[in-house]
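First comes the structure, then the notes that go with it.
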Amino acid sequence: MTPAPGSVSPASGPVDEGPPVLDVVVGTDGSECSLRAVRWAAEEAARRGAPLRIVHATPHFGRSGVAGMPARELPAARAVTAQAYTVARHTAPAVAAATEVVPGDPVTTLVRAATDAQLIVLGISTTGAADEMVLASVAQKVAARSPRAVVVVPRHRAGVAMSRPLVVVLGLGHPEDDDPVAVFAAEGARRSGRPLLVVHTRPTTESGWTADPDAWASRFPDLEIGHQPLPHATGGRVLAAACPTLLLSLSAGHGGLLHRPLDGLHRWLLRHCTSPMALVPPPHRPTGLEPREEIIAVG
């Protein structure tokens with residue numbers, strides 16, 4: 001990883017700062033939707049008091065040049081990260097930002113980057129096109145395999161009134177998946193200073209503190225928390241209940257048949273949601289999970 005131009009080294013001398021703060025990592029490819037993700041990631045890094053790492057992955061075609069990348073590829077790759085760095089600095093000047101160019105495919109690169117990060121942020125083009133049901137995007141594949149939460153920022157972002165809460169949807173994965181999603185969402189609401197709406201898609205009679213409004217109030221007494229039942233949840237009903245919002249949090253699920261990257265409902269939400277969406281991994285997902293070969297059923 002190389003410090004971005006203009007970055008300042010910290011003052012020398014012994015300082016006991018405790019464990020290092022992990023990076024917020026954002027992937028960029030130079031597209032407008034990826035630059036929207038950079039803006040969101042810079043704002044989130046500021047809220048978390050974390051450094052920002054801007055990663056651009058590009059396929060390599062040989063062993064010449066730097067780090068296995070042909071020298072002819074470097075100027076274009078560095079132009080992509082330089083643009084993203086400029087966007088990040090304009091968005092959150094106080095955030096320490098660095099750039100990294102990695103020879104390789106984006107999915108493998110970002111899943112590996114997640115092992116020493118606290119959050120992964122990606123942009124996605126939410127066109128709703130039918131072929132997106134078959135041709136999985138980088139964002140879908142990374143979210144299905146990352147050991148850290150992945151925030152997907154859509155191409156079109158609706159304005160969000162200050163009165164709108166953050167939203168967490170529970171019950172879209174296994175029951176044990178709800179705990180990390182709930183904690184992630186509550187911490188996000190604290191950082192943003194906004195209320196939190198908890199949407200329950202399972203019966204509230206099920207065991208576990210996440211189904212109990214009183215348990216929420218006891219665990220997070222400083223938050224304004226509302227609860228809404230949503231039985232028989234469909235993608236359309238979830239979006240109607242949740243959006244627009246600064247952040248919609250839900251479980252990343254456990255994938256579907258034939259190694260598809262995400263469950264069907266999650267893929268639908270990624271294609272149609274116009275608010276940033278956090279996909280929180282299940283509690284037992286292995287750290288450093290390598291991407292599997294994609295197998296897509298057509299017809």
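Within each chain, counting starts at residue 1; across the structure tokens, chains are named A, B, ... in the order shown, with ligands numbered 1 upward in that order.
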task: Name the residues in contact with Gln228 of chain A at a cut-off of 8 Å, using only C-alpha atoms, excluding same-chain residues fewer than 2 positions from it; report them as number ranges by chain.
output: A: 197-200, 226, 230
Would you put the residues from that selection into a file with N, CA and C atoms, as a CSV table (one decimal), in the first residue's frame?
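And here is the file that came out, part-v2.csv:
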chain,number,residue,atom,x,y,z
A,197,LEU,N,-34.9,2.0,13.1
A,197,LEU,CA,-36.1,1.2,12.9
A,197,LEU,C,-35.7,-0.3,12.7
A,198,VAL,N,-36.3,-1.1,13.6
A,198,VAL,CA,-36.1,-2.6,13.5
A,198,VAL,C,-37.3,-3.2,12.8
A,199,VAL,N,-37.0,-3.8,11.7
A,199,VAL,CA,-38.1,-4.5,10.9
A,199,VAL,C,-38.0,-6.0,11.2
A,200,HIS,N,-39.0,-6.6,11.7
A,200,HIS,CA,-39.0,-8.0,12.1
A,200,HIS,C,-39.8,-8.8,11.1
A,226,GLY,N,-37.5,2.1,17.0
A,226,GLY,CA,-38.8,1.7,16.7
A,226,GLY,C,-38.9,0.3,16.2
A,230,LEU,N,-43.1,-7.3,9.9
A,230,LEU,CA,-43.2,-7.4,8.4
A,230,LEU,C,-43.3,-8.9,8.0
Tell me, which residues of segment 175-291 of chain A carry DSSP helix (DSSP H, G or I), written as a compact mmCIF listing (two decimals) with C-alpha atoms, in the first residue's frame?
# COMPACT_ATOMS: atom_id res chain seq x y z
CA PRO A 175 -31.91 -16.99 13.53
CA GLU A 176 -28.31 -16.81 14.78
CA ASP A 177 -27.49 -14.35 11.98
CA ASP A 178 -29.69 -11.65 13.53
CA ASP A 179 -27.36 -10.85 16.45
CA PRO A 180 -24.40 -9.44 14.43
CA VAL A 181 -26.78 -7.58 12.11
CA ALA A 182 -28.55 -5.97 15.06
CA VAL A 183 -25.32 -4.87 16.74
CA PHE A 184 -23.91 -3.52 13.46
CA ALA A 185 -27.05 -1.45 12.87
CA ALA A 186 -27.21 -0.11 16.44
CA GLU A 187 -23.58 0.99 16.32
CA GLY A 188 -24.25 2.70 12.99
CA ALA A 189 -27.22 4.57 14.45
CA ARG A 190 -25.08 5.76 17.35
CA ARG A 191 -22.38 7.06 15.02
CA SER A 192 -24.86 8.85 12.77
CA TRP A 209 -33.02 -10.77 22.40
CA THR A 210 -33.30 -9.32 18.90
CA ALA A 211 -37.01 -10.25 18.84
CA PRO A 213 -38.24 -4.65 22.06
CA ASP A 214 -37.53 -4.43 25.79
CA ALA A 215 -34.16 -6.13 25.29
CA TRP A 216 -33.29 -3.59 22.61
CA ALA A 217 -34.17 -0.73 24.96
CA SER A 218 -32.05 -2.28 27.72
CA ARG A 219 -29.00 -2.87 25.50
CA GLY A 235 -38.28 -7.53 -1.71
CA GLY A 236 -40.89 -4.91 -2.54
CA ARG A 237 -42.30 -4.89 0.99
CA VAL A 238 -38.84 -4.60 2.53
CA LEU A 239 -37.97 -1.59 0.38
CA ALA A 240 -41.35 0.05 1.05
CA ALA A 241 -40.78 -0.29 4.81
CA ALA A 242 -37.12 0.72 4.81
CA LEU A 257 -27.87 -23.54 -4.92
CA LEU A 258 -25.10 -24.07 -7.47
CA HIS A 259 -22.73 -21.66 -5.69
CA GLY A 264 -32.51 -14.72 -4.27
CA LEU A 265 -34.06 -12.01 -2.07
CA HIS A 266 -30.67 -10.44 -1.42
CA ARG A 267 -29.88 -10.35 -5.14
CA TRP A 268 -33.25 -8.71 -5.84
CA LEU A 269 -32.64 -6.08 -3.16
CA LEU A 270 -29.20 -5.29 -4.55
CA ARG A 271 -30.69 -4.73 -8.00
CA HIS A 272 -33.52 -2.47 -6.84
Shell of 12 Å around Thr81 of chain A, only C-alpha atoms, local chain residues under 5 positions omitted, as a ChimeraX atom specification: /A:1-5,26-31,34-35,38,53-58,74-76,86-88,97-102
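Nearest to Pro93 of chain A of all the residues A:Ala46, A:Val24, A:Leu172, A:Leu223 is A:Ala46, based on only C-alpha atoms.
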- prompt: What separation in Å, quoted to one decimal, exists between atom CA of Val95 of chain A and atom CA of Met277 of chain A?
  reply: 22.3 Å
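Atom CA of Arg48 of chain A lies 17.7 Å from atom CA of Leu196 of chain A.
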message: Ranking A:Ile225, A:Ala45, A:Val151, A:Leu170 by minimum distance to Leu247 of chain A and counting only C-alpha atoms, which one comes first?
response: A:Val151
message: To test your reading of the structure, identify every residue in segment 139-200 of chain A that backbone DSSP assigns to strand (DSSP E or B), and report it as a ChimeraX atom specification.
response: /A:150-154,166-170,196-200
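The closest residue to Arg39 of chain A, picked from A:Pro154, A:Gly173, A:Gly193, A:Gly208 and counting only C-alpha atoms, is A:Pro154.
Minimum atom-to-atom distances from A:Leu22, A:Arg47, A:Ser125, A:Pro203 to Ala113 of chain A were compared using only C-alpha atoms, and the lowest value belongs to A:Leu22.
Ranking A:Leu119, A:Ala84, A:Val152, A:Val111 by their shortest atom-to-atom distance to Leu246 of chain A, with only C-alpha atoms included, puts A:Val152 first.
As for atom CA of Cys33 of chain A and atom CA of Val153 of chain A, they are spaced 7.6 Å apart.
Nearest to Pro276 of chain A of all the residues A:His254, A:Arg194, A:Arg36, A:Arg145 is A:Arg36, counting only C-alpha atoms.
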